[in-house]
Structures are given as structure tokens and as C-alpha cells.
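Visitor: I'm passing along target.cif; it holds mmCIF, N, CA and C atoms and all ligand atoms.
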```
data_query
loop_
_atom_site.label_atom_id
_atom_site.label_comp_id
_atom_site.auth_asym_id
_atom_site.auth_seq_id
_atom_site.Cartn_x
_atom_site.Cartn_y
_atom_site.Cartn_z
N MET A 1 135.22 113.32 140.45
CA MET A 1 135.19 113.78 139.07
C MET A 1 134.04 113.15 138.29
N ALA A 2 133.28 113.97 137.65
CA ALA A 2 132.17 113.45 136.87
C ALA A 2 132.67 112.77 135.59
N ASN A 3 133.81 113.24 135.12
CA ASN A 3 134.35 112.69 133.87
C ASN A 3 135.22 111.47 134.14
N SER A 4 134.70 110.31 133.88
CA SER A 4 135.51 109.11 134.02
C SER A 4 136.43 109.02 132.80
N ARG A 5 137.40 108.14 132.88
CA ARG A 5 138.29 107.94 131.72
C ARG A 5 137.51 107.53 130.48
N GLY A 6 136.55 106.62 130.68
CA GLY A 6 135.75 106.12 129.57
C GLY A 6 135.02 107.24 128.88
N GLN A 7 134.48 108.12 129.70
CA GLN A 7 133.72 109.23 129.13
C GLN A 7 134.58 110.16 128.29
N SER A 8 135.79 110.47 128.79
CA SER A 8 136.61 111.39 128.03
C SER A 8 137.10 110.73 126.74
N ARG A 9 137.28 109.41 126.77
CA ARG A 9 137.66 108.72 125.55
C ARG A 9 136.51 108.80 124.54
N ASN A 10 135.29 108.60 125.04
CA ASN A 10 134.13 108.68 124.15
C ASN A 10 133.99 110.07 123.53
N THR A 11 134.24 111.08 124.35
CA THR A 11 134.14 112.46 123.86
C THR A 11 135.18 112.70 122.77
N LYS A 12 136.36 112.13 122.98
CA LYS A 12 137.44 112.29 122.01
C LYS A 12 137.07 111.62 120.69
N GLN A 13 136.50 110.43 120.78
CA GLN A 13 136.09 109.72 119.56
C GLN A 13 135.01 110.51 118.83
N LEU A 14 134.04 111.00 119.60
CA LEU A 14 132.95 111.76 119.00
C LEU A 14 133.48 113.00 118.29
N GLU A 15 134.41 113.67 118.96
CA GLU A 15 135.03 114.88 118.43
C GLU A 15 135.78 114.59 117.12
N LEU A 16 136.51 113.50 117.12
CA LEU A 16 137.29 113.12 115.94
C LEU A 16 136.37 112.78 114.76
N ILE A 17 135.29 112.08 115.05
CA ILE A 17 134.34 111.70 114.00
C ILE A 17 133.63 112.94 113.47
N TRP A 18 133.29 113.82 114.40
CA TRP A 18 132.64 115.08 113.99
C TRP A 18 133.57 115.88 113.08
N ARG A 19 134.86 115.95 113.47
CA ARG A 19 135.82 116.70 112.65
C ARG A 19 136.01 116.05 111.28
N ALA A 20 135.85 114.75 111.20
CA ALA A 20 136.02 114.06 109.91
C ALA A 20 134.86 114.31 108.95
N VAL A 21 133.73 114.74 109.46
CA VAL A 21 132.56 114.94 108.58
C VAL A 21 132.04 116.36 108.50
N LYS A 22 132.41 117.21 109.46
CA LYS A 22 131.70 118.49 109.56
C LYS A 22 131.82 119.40 108.33
N ASP A 23 132.96 119.33 107.64
CA ASP A 23 133.11 120.19 106.45
C ASP A 23 133.00 119.40 105.16
N ASP A 24 132.46 118.23 105.25
CA ASP A 24 132.43 117.35 104.10
C ASP A 24 131.08 117.42 103.40
N SER A 25 131.10 117.92 102.17
CA SER A 25 129.83 118.00 101.45
C SER A 25 129.70 116.85 100.46
N SER A 26 130.54 115.82 100.60
CA SER A 26 130.49 114.71 99.65
C SER A 26 129.53 113.60 100.09
N HIS A 27 128.85 113.78 101.24
CA HIS A 27 127.87 112.81 101.71
C HIS A 27 128.45 111.42 101.88
N PRO A 28 129.47 111.29 102.74
CA PRO A 28 130.12 109.99 102.90
C PRO A 28 129.22 108.96 103.60
N THR A 29 129.54 107.71 103.35
CA THR A 29 128.86 106.62 104.06
C THR A 29 129.63 106.35 105.35
N ALA A 30 129.04 105.55 106.23
CA ALA A 30 129.70 105.19 107.49
C ALA A 30 131.06 104.52 107.21
N ASP A 31 131.11 103.69 106.18
CA ASP A 31 132.37 103.02 105.83
C ASP A 31 133.46 104.01 105.44
N GLN A 32 133.07 105.01 104.66
CA GLN A 32 134.05 106.01 104.23
C GLN A 32 134.55 106.83 105.42
N ILE A 33 133.64 107.14 106.33
CA ILE A 33 134.03 107.91 107.52
C ILE A 33 134.93 107.04 108.41
N TYR A 34 134.58 105.79 108.52
CA TYR A 34 135.38 104.83 109.29
C TYR A 34 136.82 104.76 108.77
N ASP A 35 136.98 104.69 107.45
CA ASP A 35 138.32 104.66 106.86
C ASP A 35 139.14 105.89 107.22
N ARG A 36 138.46 107.02 107.24
CA ARG A 36 139.15 108.28 107.56
C ARG A 36 139.57 108.32 109.03
N VAL A 37 138.60 107.96 109.89
CA VAL A 37 138.83 108.06 111.33
C VAL A 37 139.88 107.05 111.78
N ARG A 38 139.90 105.89 111.12
CA ARG A 38 140.83 104.83 111.47
C ARG A 38 142.29 105.23 111.26
N LYS A 39 142.51 106.19 110.36
CA LYS A 39 143.87 106.67 110.15
C LYS A 39 144.39 107.42 111.36
N LYS A 40 143.47 108.00 112.12
CA LYS A 40 143.86 108.76 113.31
C LYS A 40 143.76 107.92 114.57
N LEU A 41 142.82 106.99 114.56
CA LEU A 41 142.54 106.19 115.75
C LEU A 41 142.41 104.74 115.27
N SER A 42 143.57 104.08 115.17
CA SER A 42 143.62 102.79 114.48
C SER A 42 142.79 101.69 115.12
N HIS A 43 142.55 101.78 116.43
CA HIS A 43 141.83 100.69 117.10
C HIS A 43 140.31 100.88 117.10
N ILE A 44 139.83 101.97 116.54
CA ILE A 44 138.39 102.25 116.58
C ILE A 44 137.63 101.23 115.70
N SER A 45 136.44 100.85 116.15
CA SER A 45 135.67 99.88 115.36
C SER A 45 134.59 100.58 114.55
N LEU A 46 134.15 99.89 113.51
CA LEU A 46 133.08 100.46 112.68
C LEU A 46 131.83 100.69 113.53
N GLY A 47 131.56 99.79 114.46
CA GLY A 47 130.41 99.94 115.36
C GLY A 47 130.46 101.23 116.16
N THR A 48 131.66 101.56 116.65
CA THR A 48 131.84 102.80 117.43
C THR A 48 131.62 104.02 116.55
N VAL A 49 132.17 103.97 115.35
CA VAL A 49 131.98 105.07 114.41
C VAL A 49 130.49 105.24 114.13
N TYR A 50 129.84 104.13 113.89
CA TYR A 50 128.41 104.15 113.57
C TYR A 50 127.59 104.73 114.72
N ARG A 51 127.90 104.28 115.93
CA ARG A 51 127.18 104.78 117.12
C ARG A 51 127.36 106.28 117.28
N ASN A 52 128.59 106.74 117.07
CA ASN A 52 128.85 108.18 117.19
C ASN A 52 128.16 108.98 116.10
N LEU A 53 128.08 108.40 114.91
CA LEU A 53 127.36 109.09 113.83
C LEU A 53 125.88 109.22 114.19
N GLN A 54 125.32 108.15 114.76
CA GLN A 54 123.91 108.21 115.18
C GLN A 54 123.71 109.29 116.25
N LYS A 55 124.72 109.42 117.13
CA LYS A 55 124.62 110.43 118.18
C LYS A 55 124.63 111.83 117.56
N LEU A 56 125.48 112.04 116.57
CA LEU A 56 125.53 113.34 115.89
C LEU A 56 124.21 113.61 115.16
N VAL A 57 123.60 112.55 114.64
CA VAL A 57 122.30 112.71 113.98
C VAL A 57 121.25 113.10 115.03
N SER A 58 121.27 112.44 116.19
CA SER A 58 120.24 112.78 117.17
C SER A 58 120.50 114.14 117.82
N ASP A 59 121.74 114.62 117.78
CA ASP A 59 122.05 115.98 118.25
C ASP A 59 121.79 117.04 117.16
N ASP A 60 121.24 116.61 116.01
CA ASP A 60 120.96 117.51 114.89
C ASP A 60 122.20 118.16 114.29
N LYS A 61 123.33 117.49 114.42
CA LYS A 61 124.54 118.02 113.78
C LYS A 61 124.73 117.41 112.40
N LEU A 62 124.14 116.26 112.21
CA LEU A 62 124.23 115.57 110.92
C LEU A 62 122.84 115.12 110.54
N GLN A 63 122.62 114.98 109.25
CA GLN A 63 121.41 114.29 108.84
C GLN A 63 121.82 113.06 108.04
N VAL A 64 120.94 112.08 108.11
CA VAL A 64 121.26 110.85 107.43
C VAL A 64 120.31 110.72 106.24
N LEU A 65 120.88 110.31 105.11
CA LEU A 65 120.08 110.17 103.89
C LEU A 65 120.16 108.73 103.42
N MET A 66 119.06 108.22 102.99
CA MET A 66 119.07 106.91 102.37
C MET A 66 119.15 107.14 100.88
N LEU A 67 120.29 106.87 100.29
CA LEU A 67 120.43 107.03 98.85
C LEU A 67 120.81 105.68 98.30
N GLY A 68 119.97 105.13 97.52
CA GLY A 68 120.20 103.76 97.07
C GLY A 68 120.10 102.85 98.29
N ARG A 69 121.07 101.99 98.48
CA ARG A 69 121.02 101.08 99.61
C ARG A 69 121.83 101.56 100.80
N ALA A 70 122.62 102.60 100.61
CA ALA A 70 123.51 103.02 101.68
C ALA A 70 123.01 104.27 102.39
N GLN A 71 123.40 104.38 103.66
CA GLN A 71 123.13 105.60 104.41
C GLN A 71 124.29 106.55 104.19
N HIS A 72 123.95 107.79 103.90
CA HIS A 72 124.97 108.80 103.70
C HIS A 72 124.79 109.86 104.78
N PHE A 73 125.90 110.41 105.26
CA PHE A 73 125.83 111.41 106.33
C PHE A 73 126.13 112.79 105.77
N ASP A 74 125.36 113.74 106.22
CA ASP A 74 125.40 115.07 105.64
C ASP A 74 125.44 116.13 106.75
N PRO A 75 126.54 116.92 106.82
CA PRO A 75 126.61 117.93 107.87
C PRO A 75 125.74 119.17 107.58
N LEU A 76 125.18 119.22 106.39
CA LEU A 76 124.29 120.34 106.07
C LEU A 76 122.88 119.94 106.52
N VAL A 77 122.48 120.44 107.69
CA VAL A 77 121.20 119.99 108.24
C VAL A 77 120.03 120.87 107.81
N GLU A 78 120.36 122.00 107.25
CA GLU A 78 119.35 122.88 106.68
C GLU A 78 118.64 122.10 105.57
N ARG A 79 117.37 122.37 105.36
CA ARG A 79 116.64 121.60 104.38
C ARG A 79 117.15 121.81 102.95
N HIS A 80 117.45 120.74 102.29
CA HIS A 80 117.91 120.83 100.91
C HIS A 80 117.69 119.49 100.21
N GLN A 81 117.91 119.49 98.93
CA GLN A 81 117.71 118.28 98.15
C GLN A 81 119.04 117.83 97.56
N HIS A 82 119.01 116.75 96.84
CA HIS A 82 120.25 116.19 96.34
C HIS A 82 120.22 115.84 94.86
N PHE A 83 121.39 115.97 94.28
CA PHE A 83 121.59 115.52 92.91
C PHE A 83 122.57 114.36 92.98
N ILE A 84 122.20 113.25 92.39
CA ILE A 84 123.07 112.07 92.44
C ILE A 84 123.55 111.75 91.03
N CYS A 85 124.86 111.71 90.88
CA CYS A 85 125.42 111.41 89.56
C CYS A 85 125.37 109.90 89.33
N GLU A 86 124.72 109.53 88.25
CA GLU A 86 124.57 108.10 87.96
C GLU A 86 125.86 107.51 87.41
N SER A 87 126.79 108.37 87.07
CA SER A 87 128.03 107.88 86.52
C SER A 87 129.09 107.68 87.61
N CYS A 88 129.27 108.65 88.51
CA CYS A 88 130.32 108.52 89.53
C CYS A 88 129.76 108.35 90.95
N ASP A 89 128.44 108.37 91.10
CA ASP A 89 127.79 108.19 92.40
C ASP A 89 128.03 109.34 93.38
N ARG A 90 128.59 110.42 92.91
CA ARG A 90 128.78 111.55 93.79
C ARG A 90 127.42 112.18 94.10
N VAL A 91 127.31 112.75 95.29
CA VAL A 91 126.06 113.36 95.71
C VAL A 91 126.30 114.85 95.91
N PHE A 92 125.49 115.67 95.30
CA PHE A 92 125.65 117.12 95.39
C PHE A 92 124.44 117.73 96.09
N ASP A 93 124.69 118.79 96.82
CA ASP A 93 123.59 119.50 97.48
C ASP A 93 122.86 120.40 96.49
N VAL A 94 121.57 120.43 96.58
CA VAL A 94 120.75 121.31 95.76
C VAL A 94 119.84 122.09 96.70
N MET A 95 120.00 123.40 96.71
CA MET A 95 119.14 124.19 97.58
C MET A 95 117.84 124.45 96.82
N VAL A 96 116.74 124.17 97.46
CA VAL A 96 115.45 124.38 96.81
C VAL A 96 114.70 125.45 97.58
N ASP A 97 114.24 126.40 96.87
CA ASP A 97 113.53 127.52 97.43
C ASP A 97 112.24 127.00 98.10
N ARG A 98 112.02 127.47 99.32
CA ARG A 98 110.92 126.96 100.12
C ARG A 98 109.55 127.07 99.43
N GLN A 99 109.36 128.16 98.70
CA GLN A 99 108.08 128.37 98.00
C GLN A 99 107.87 127.36 96.88
N ARG A 100 108.97 126.83 96.42
CA ARG A 100 108.86 125.92 95.28
C ARG A 100 108.87 124.46 95.68
N GLU A 101 108.85 124.25 96.98
CA GLU A 101 108.88 122.87 97.41
C GLU A 101 107.62 122.13 97.00
N ILE A 102 107.81 120.86 96.84
CA ILE A 102 106.69 120.03 96.43
C ILE A 102 105.85 119.70 97.66
N LYS A 103 104.58 119.98 97.55
CA LYS A 103 103.69 119.63 98.67
C LYS A 103 102.64 118.67 98.15
N PRO A 104 102.44 117.59 98.85
CA PRO A 104 101.45 116.64 98.37
C PRO A 104 100.05 117.18 98.64
N ALA A 105 99.35 117.56 97.61
CA ALA A 105 98.04 118.18 97.76
C ALA A 105 96.98 117.20 98.26
N LYS A 106 97.07 115.99 97.81
CA LYS A 106 96.02 115.03 98.10
C LYS A 106 96.15 114.30 99.43
N LEU A 107 97.37 113.94 99.79
CA LEU A 107 97.58 113.06 100.94
C LEU A 107 96.91 113.50 102.25
N PRO A 108 97.07 114.78 102.67
CA PRO A 108 96.45 115.16 103.95
C PRO A 108 94.93 114.95 103.96
N HIS A 109 94.30 115.16 102.83
CA HIS A 109 92.84 114.98 102.75
C HIS A 109 92.45 113.52 102.88
N GLU A 110 93.38 112.65 102.56
CA GLU A 110 93.08 111.23 102.62
C GLU A 110 93.53 110.60 103.93
N GLY A 111 93.90 111.46 104.89
CA GLY A 111 94.24 110.96 106.21
C GLY A 111 95.69 110.53 106.40
N PHE A 112 96.53 110.88 105.46
CA PHE A 112 97.95 110.57 105.62
C PHE A 112 98.65 111.76 106.28
N LYS A 113 99.57 111.46 107.17
CA LYS A 113 100.32 112.53 107.79
C LYS A 113 101.75 112.47 107.25
N VAL A 114 102.16 113.51 106.57
CA VAL A 114 103.50 113.55 106.00
C VAL A 114 104.47 114.13 107.03
N THR A 115 105.52 113.42 107.35
CA THR A 115 106.48 113.95 108.31
C THR A 115 107.73 114.50 107.62
N SER A 116 108.08 113.96 106.49
CA SER A 116 109.21 114.50 105.74
C SER A 116 109.16 113.96 104.32
N HIS A 117 109.98 114.53 103.48
CA HIS A 117 110.08 113.94 102.16
C HIS A 117 111.49 114.12 101.65
N GLN A 118 111.88 113.31 100.74
CA GLN A 118 113.19 113.44 100.12
C GLN A 118 113.03 113.42 98.63
N LEU A 119 113.58 114.43 98.03
CA LEU A 119 113.51 114.52 96.58
C LEU A 119 114.95 114.41 96.08
N ALA A 120 115.16 113.61 95.09
CA ALA A 120 116.52 113.49 94.55
C ALA A 120 116.48 113.66 93.05
N PHE A 121 117.47 114.34 92.56
CA PHE A 121 117.63 114.50 91.12
C PHE A 121 118.74 113.54 90.68
N TYR A 122 118.50 112.83 89.62
CA TYR A 122 119.52 111.90 89.12
C TYR A 122 119.98 112.38 87.75
N GLY A 123 121.24 112.18 87.45
CA GLY A 123 121.73 112.56 86.14
C GLY A 123 123.23 112.39 86.06
N VAL A 124 123.85 113.24 85.27
CA VAL A 124 125.30 113.17 85.10
C VAL A 124 125.89 114.50 85.57
N CYS A 125 126.85 114.46 86.46
CA CYS A 125 127.42 115.69 87.01
C CYS A 125 128.38 116.36 86.01
N LYS A 126 128.79 117.58 86.35
CA LYS A 126 129.65 118.34 85.42
C LYS A 126 131.01 117.67 85.22
N HIS A 127 131.49 116.94 86.24
CA HIS A 127 132.79 116.27 86.10
C HIS A 127 132.69 115.12 85.10
N CYS A 128 131.54 114.46 85.09
CA CYS A 128 131.38 113.30 84.21
C CYS A 128 130.91 113.67 82.81
N SER A 129 130.22 114.83 82.68
CA SER A 129 129.72 115.17 81.36
C SER A 129 130.73 115.98 80.55
N ALA A 130 131.81 116.42 81.23
CA ALA A 130 132.82 117.22 80.52
C ALA A 130 133.62 116.37 79.52
ZN ZN B 1 129.71 112.30 88.05
ZN ZN B 2 123.25 117.29 101.35
#
```
Just give me the structure of the file as C-alpha cells.
Guide:
Amino acid sequence: MANSRGQSRNTKQLELIWRAVKDDSSHPTADQIYDRVRKKLSHISLGTVYRNLQKLVSDDKLQVLMLGRAQHFDPLVERHQHFICESCDRVFDVMVDRQREIKPAKLPHEGFKVTSHQLAFYGVCKHCSA
């Protein structure tokens, strides 16, 4: 059998972690995902959760965002931007039309190679401004 016990356990953990984040548009941190997964799999470690999240990122199922000091995981891998509420720290997806994206006009001419960019909008969300 190609599938050892260890491997099927790993697959189960990966599956559980994926299910905990796949429909989540709240951009949870590894700690928040860990808290969720731990309710189902009490012996799982934060390191294991973290490793599995990295695997999902390298499989292009999740993207990781650096917002402030924490890494946030996002199942929406299509290109988009974020709005961060300065009052409740919630992160919202903002779809930006491709034609309207910001392109650095000067950098390529100066020998810089841009591989990606992140644009974030900061403000107060509708829940906090109501
Ligand atoms: Zn808010
Ligand atoms: Zn997002």
C-alpha cells in the first residue's frame, strides 16, 4: 500500500484545515484557524496547522496576506484587494477592475522588477460606522 497510516492522517488533517478556511472570507490568522481546527482535532499542534496552511498556499488554494504584523489566510486566490477596518480589524475583499489597477510607471525603467503588489484600503467598515 502506498498510503501509510501517517500519510492518511496527514491527508485528514489537511482536509480538515482546508474545510475550516475554504468558505471563510474573514481572512483568519493561523491562530484563529488553529482554534477552530482544535475543536475537531484536539491533539493537533499550531505547527501542524501552520505547515498545512503553507501547503495549501503552495497548492494555490489559499493566499497569504501580510496585514499589519500578522499573516492572514484567504481562500479567494483570484486577484483582489482589501479593505481593513481600523476599528474592528475586520478584513474585507475588494474586487478591483483589472484596467484600473495601479501600475508603477517608473520602476521598470529604473531596473526594478515588480513581481506583485498589495494595495489595502483602511477606514471604518459599515458595521462600525452604523
Ligand atoms: Zn469595523
Ligand atoms: Zn481577500
Visitor: Please report the interatomic distance between CA of Arg36 in chain A and CA of Ala20 in chain A in Å with one decimal.
Guide: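 CA of Ala20 in chain A lies at a distance of 7.0 Å from CA of Arg36 in chain A.
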Visitor: Enumerate as a PyMOL selection string the residues within 8 Å of ligand ZN 2 (chain B), counting all atoms listed in the file.
Guide: chain A and resi 25-27+73-83+91-94
Visitor: Give me the chain A side of the contact with ligand ZN 1 (chain B), cut-off 8 Å, one line per residue showing its nearest atom pair and distance in Å at one decimal, counting only N, CA and C atoms and all ligand atoms, sorted by chain and residue number, as JSON lines.
Guide:
```
{"residue": "A:Ile84", "atom": "C", "partner": "B:ZN1", "partner_atom": "ZN", "distance": 6.9}
{"residue": "A:Cys85", "atom": "CA", "partner": "B:ZN1", "partner_atom": "ZN", "distance": 4.6}
{"residue": "A:Glu86", "atom": "N", "partner": "B:ZN1", "partner_atom": "ZN", "distance": 5.7}
{"residue": "A:Ser87", "atom": "C", "partner": "B:ZN1", "partner_atom": "ZN", "distance": 4.7}
{"residue": "A:Cys88", "atom": "N", "partner": "B:ZN1", "partner_atom": "ZN", "distance": 3.7}
{"residue": "A:Asp89", "atom": "N", "partner": "B:ZN1", "partner_atom": "ZN", "distance": 5.1}
{"residue": "A:Arg90", "atom": "N", "partner": "B:ZN1", "partner_atom": "ZN", "distance": 5.3}
{"residue": "A:Val91", "atom": "N", "partner": "B:ZN1", "partner_atom": "ZN", "distance": 7.6}
{"residue": "A:Gly123", "atom": "C", "partner": "B:ZN1", "partner_atom": "ZN", "distance": 6.8}
{"residue": "A:Val124", "atom": "C", "partner": "B:ZN1", "partner_atom": "ZN", "distance": 5.1}
{"residue": "A:Cys125", "atom": "N", "partner": "B:ZN1", "partner_atom": "ZN", "distance": 3.9}
{"residue": "A:Lys126", "atom": "N", "partner": "B:ZN1", "partner_atom": "ZN", "distance": 5.6}
{"residue": "A:His127", "atom": "C", "partner": "B:ZN1", "partner_atom": "ZN", "distance": 5.1}
{"residue": "A:Cys128", "atom": "N", "partner": "B:ZN1", "partner_atom": "ZN", "distance": 4.1}
{"residue": "A:Ser129", "atom": "N", "partner": "B:ZN1", "partner_atom": "ZN", "distance": 6.0}
```
Visitor: So how many Å separate CA of Leu62 in chain A and atom N of Lys113 in chain A, to one decimal?
Guide: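 Atom-to-atom, CA of Leu62 in chain A to atom N of Lys113 in chain A, that is 25.3 Å.
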Visitor: Need the axis-aligned box for range 25-36 of chain A with 4 Å each side, so what are the centre and edges in Å to one decimal, as lines of an AutoDock Vina configuration file?
Guide:
```
center_x = 133.7
center_y = 110.5
center_z = 104.5
size_x = 19.7
size_y = 23.0
size_z = 17.6
```
Visitor: Work out how far atom N of Leu14 in chain A is from CA of Asp35 in chain A, in Å to one decimal.
Guide: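 The value is 14.9 Å.
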Visitor: Mind checking which residues fall within 10 Å of range 46-52 of chain A, counting only C-alpha atoms, ignoring those fewer than 6 positions away in the same chain, and posting them as a ChimeraX atom specification?
Guide: /A:10-11,13-18,29-31,33-35,37-38,58
Visitor: Can you list every residue in range 14-88 of chain A that DSSP puts in helix (DSSP H, G or I), as a PDB file with N, CA and C atoms, keeping the file's coordinate frame?
Guide:
```pdb
ATOM      1  N   LEU A  14     134.040 111.000 119.600  1.00  0.00           N
ATOM      2  CA  LEU A  14     132.950 111.760 119.000  1.00  0.00           C
ATOM      3  C   LEU A  14     133.480 113.000 118.290  1.00  0.00           C
ATOM      4  N   GLU A  15     134.410 113.670 118.960  1.00  0.00           N
ATOM      5  CA  GLU A  15     135.030 114.880 118.430  1.00  0.00           C
ATOM      6  C   GLU A  15     135.780 114.590 117.120  1.00  0.00           C
ATOM      7  N   LEU A  16     136.510 113.500 117.120  1.00  0.00           N
ATOM      8  CA  LEU A  16     137.290 113.120 115.940  1.00  0.00           C
ATOM      9  C   LEU A  16     136.370 112.780 114.760  1.00  0.00           C
ATOM     10  N   ILE A  17     135.290 112.080 115.050  1.00  0.00           N
ATOM     11  CA  ILE A  17     134.340 111.700 114.000  1.00  0.00           C
ATOM     12  C   ILE A  17     133.630 112.940 113.470  1.00  0.00           C
ATOM     13  N   TRP A  18     133.290 113.820 114.400  1.00  0.00           N
ATOM     14  CA  TRP A  18     132.640 115.080 113.990  1.00  0.00           C
ATOM     15  C   TRP A  18     133.570 115.880 113.080  1.00  0.00           C
ATOM     16  N   ARG A  19     134.860 115.950 113.470  1.00  0.00           N
ATOM     17  CA  ARG A  19     135.820 116.700 112.650  1.00  0.00           C
ATOM     18  C   ARG A  19     136.010 116.050 111.280  1.00  0.00           C
ATOM     19  N   ALA A  20     135.850 114.750 111.200  1.00  0.00           N
ATOM     20  CA  ALA A  20     136.020 114.060 109.910  1.00  0.00           C
ATOM     21  C   ALA A  20     134.860 114.310 108.950  1.00  0.00           C
ATOM     22  N   VAL A  21     133.730 114.740 109.460  1.00  0.00           N
ATOM     23  CA  VAL A  21     132.560 114.940 108.580  1.00  0.00           C
ATOM     24  C   VAL A  21     132.040 116.360 108.500  1.00  0.00           C
ATOM     25  N   ALA A  30     129.040 105.550 106.230  1.00  0.00           N
ATOM     26  CA  ALA A  30     129.700 105.190 107.490  1.00  0.00           C
ATOM     27  C   ALA A  30     131.060 104.520 107.210  1.00  0.00           C
ATOM     28  N   ASP A  31     131.110 103.690 106.180  1.00  0.00           N
ATOM     29  CA  ASP A  31     132.370 103.020 105.830  1.00  0.00           C
ATOM     30  C   ASP A  31     133.460 104.010 105.440  1.00  0.00           C
ATOM     31  N   GLN A  32     133.070 105.010 104.660  1.00  0.00           N
ATOM     32  CA  GLN A  32     134.050 106.010 104.230  1.00  0.00           C
ATOM     33  C   GLN A  32     134.550 106.830 105.420  1.00  0.00           C
ATOM     34  N   ILE A  33     133.640 107.140 106.330  1.00  0.00           N
ATOM     35  CA  ILE A  33     134.030 107.910 107.520  1.00  0.00           C
ATOM     36  C   ILE A  33     134.930 107.040 108.410  1.00  0.00           C
ATOM     37  N   TYR A  34     134.580 105.790 108.520  1.00  0.00           N
ATOM     38  CA  TYR A  34     135.380 104.830 109.290  1.00  0.00           C
ATOM     39  C   TYR A  34     136.820 104.760 108.770  1.00  0.00           C
ATOM     40  N   ASP A  35     136.980 104.690 107.450  1.00  0.00           N
ATOM     41  CA  ASP A  35     138.320 104.660 106.860  1.00  0.00           C
ATOM     42  C   ASP A  35     139.140 105.890 107.220  1.00  0.00           C
ATOM     43  N   ARG A  36     138.460 107.020 107.240  1.00  0.00           N
ATOM     44  CA  ARG A  36     139.150 108.280 107.560  1.00  0.00           C
ATOM     45  C   ARG A  36     139.570 108.320 109.030  1.00  0.00           C
ATOM     46  N   VAL A  37     138.600 107.960 109.890  1.00  0.00           N
ATOM     47  CA  VAL A  37     138.830 108.060 111.330  1.00  0.00           C
ATOM     48  C   VAL A  37     139.880 107.050 111.780  1.00  0.00           C
ATOM     49  N   ARG A  38     139.900 105.890 111.120  1.00  0.00           N
ATOM     50  CA  ARG A  38     140.830 104.830 111.470  1.00  0.00           C
ATOM     51  C   ARG A  38     142.290 105.230 111.260  1.00  0.00           C
ATOM     52  N   LYS A  39     142.510 106.190 110.360  1.00  0.00           N
ATOM     53  CA  LYS A  39     143.870 106.670 110.150  1.00  0.00           C
ATOM     54  C   LYS A  39     144.390 107.420 111.360  1.00  0.00           C
ATOM     55  N   LYS A  40     143.470 108.000 112.120  1.00  0.00           N
ATOM     56  CA  LYS A  40     143.860 108.760 113.310  1.00  0.00           C
ATOM     57  C   LYS A  40     143.760 107.920 114.570  1.00  0.00           C
ATOM     58  N   LEU A  46     134.150  99.890 113.510  1.00  0.00           N
ATOM     59  CA  LEU A  46     133.080 100.460 112.680  1.00  0.00           C
ATOM     60  C   LEU A  46     131.830 100.690 113.530  1.00  0.00           C
ATOM     61  N   GLY A  47     131.560  99.790 114.460  1.00  0.00           N
ATOM     62  CA  GLY A  47     130.410  99.940 115.360  1.00  0.00           C
ATOM     63  C   GLY A  47     130.460 101.230 116.160  1.00  0.00           C
ATOM     64  N   THR A  48     131.660 101.560 116.650  1.00  0.00           N
ATOM     65  CA  THR A  48     131.840 102.800 117.430  1.00  0.00           C
ATOM     66  C   THR A  48     131.620 104.020 116.550  1.00  0.00           C
ATOM     67  N   VAL A  49     132.170 103.970 115.350  1.00  0.00           N
ATOM     68  CA  VAL A  49     131.980 105.070 114.410  1.00  0.00           C
ATOM     69  C   VAL A  49     130.490 105.240 114.130  1.00  0.00           C
ATOM     70  N   TYR A  50     129.840 104.130 113.890  1.00  0.00           N
ATOM     71  CA  TYR A  50     128.410 104.150 113.570  1.00  0.00           C
ATOM     72  C   TYR A  50     127.590 104.730 114.720  1.00  0.00           C
ATOM     73  N   ARG A  51     127.900 104.280 115.930  1.00  0.00           N
ATOM     74  CA  ARG A  51     127.180 104.780 117.120  1.00  0.00           C
ATOM     75  C   ARG A  51     127.360 106.280 117.280  1.00  0.00           C
ATOM     76  N   ASN A  52     128.590 106.740 117.070  1.00  0.00           N
ATOM     77  CA  ASN A  52     128.850 108.180 117.190  1.00  0.00           C
ATOM     78  C   ASN A  52     128.160 108.980 116.100  1.00  0.00           C
ATOM     79  N   LEU A  53     128.080 108.400 114.910  1.00  0.00           N
ATOM     80  CA  LEU A  53     127.360 109.090 113.830  1.00  0.00           C
ATOM     81  C   LEU A  53     125.880 109.220 114.190  1.00  0.00           C
ATOM     82  N   GLN A  54     125.320 108.150 114.760  1.00  0.00           N
ATOM     83  CA  GLN A  54     123.910 108.210 115.180  1.00  0.00           C
ATOM     84  C   GLN A  54     123.710 109.290 116.250  1.00  0.00           C
ATOM     85  N   LYS A  55     124.720 109.420 117.130  1.00  0.00           N
ATOM     86  CA  LYS A  55     124.620 110.430 118.180  1.00  0.00           C
ATOM     87  C   LYS A  55     124.630 111.830 117.560  1.00  0.00           C
ATOM     88  N   LEU A  56     125.480 112.040 116.570  1.00  0.00           N
ATOM     89  CA  LEU A  56     125.530 113.340 115.890  1.00  0.00           C
ATOM     90  C   LEU A  56     124.210 113.610 115.160  1.00  0.00           C
ATOM     91  N   VAL A  57     123.600 112.550 114.640  1.00  0.00           N
ATOM     92  CA  VAL A  57     122.300 112.710 113.980  1.00  0.00           C
ATOM     93  C   VAL A  57     121.250 113.100 115.030  1.00  0.00           C
ATOM     94  N   SER A  58     121.270 112.440 116.190  1.00  0.00           N
ATOM     95  CA  SER A  58     120.240 112.780 117.170  1.00  0.00           C
ATOM     96  C   SER A  58     120.500 114.140 117.820  1.00  0.00           C
TER      97      SER A  58
END
```
Visitor: Between A:Leu67, A:Ala105, A:Leu56, A:Val21, which has the minimum distance to Phe121 in chain A (counting only C-alpha atoms)?
Guide: A:Leu67
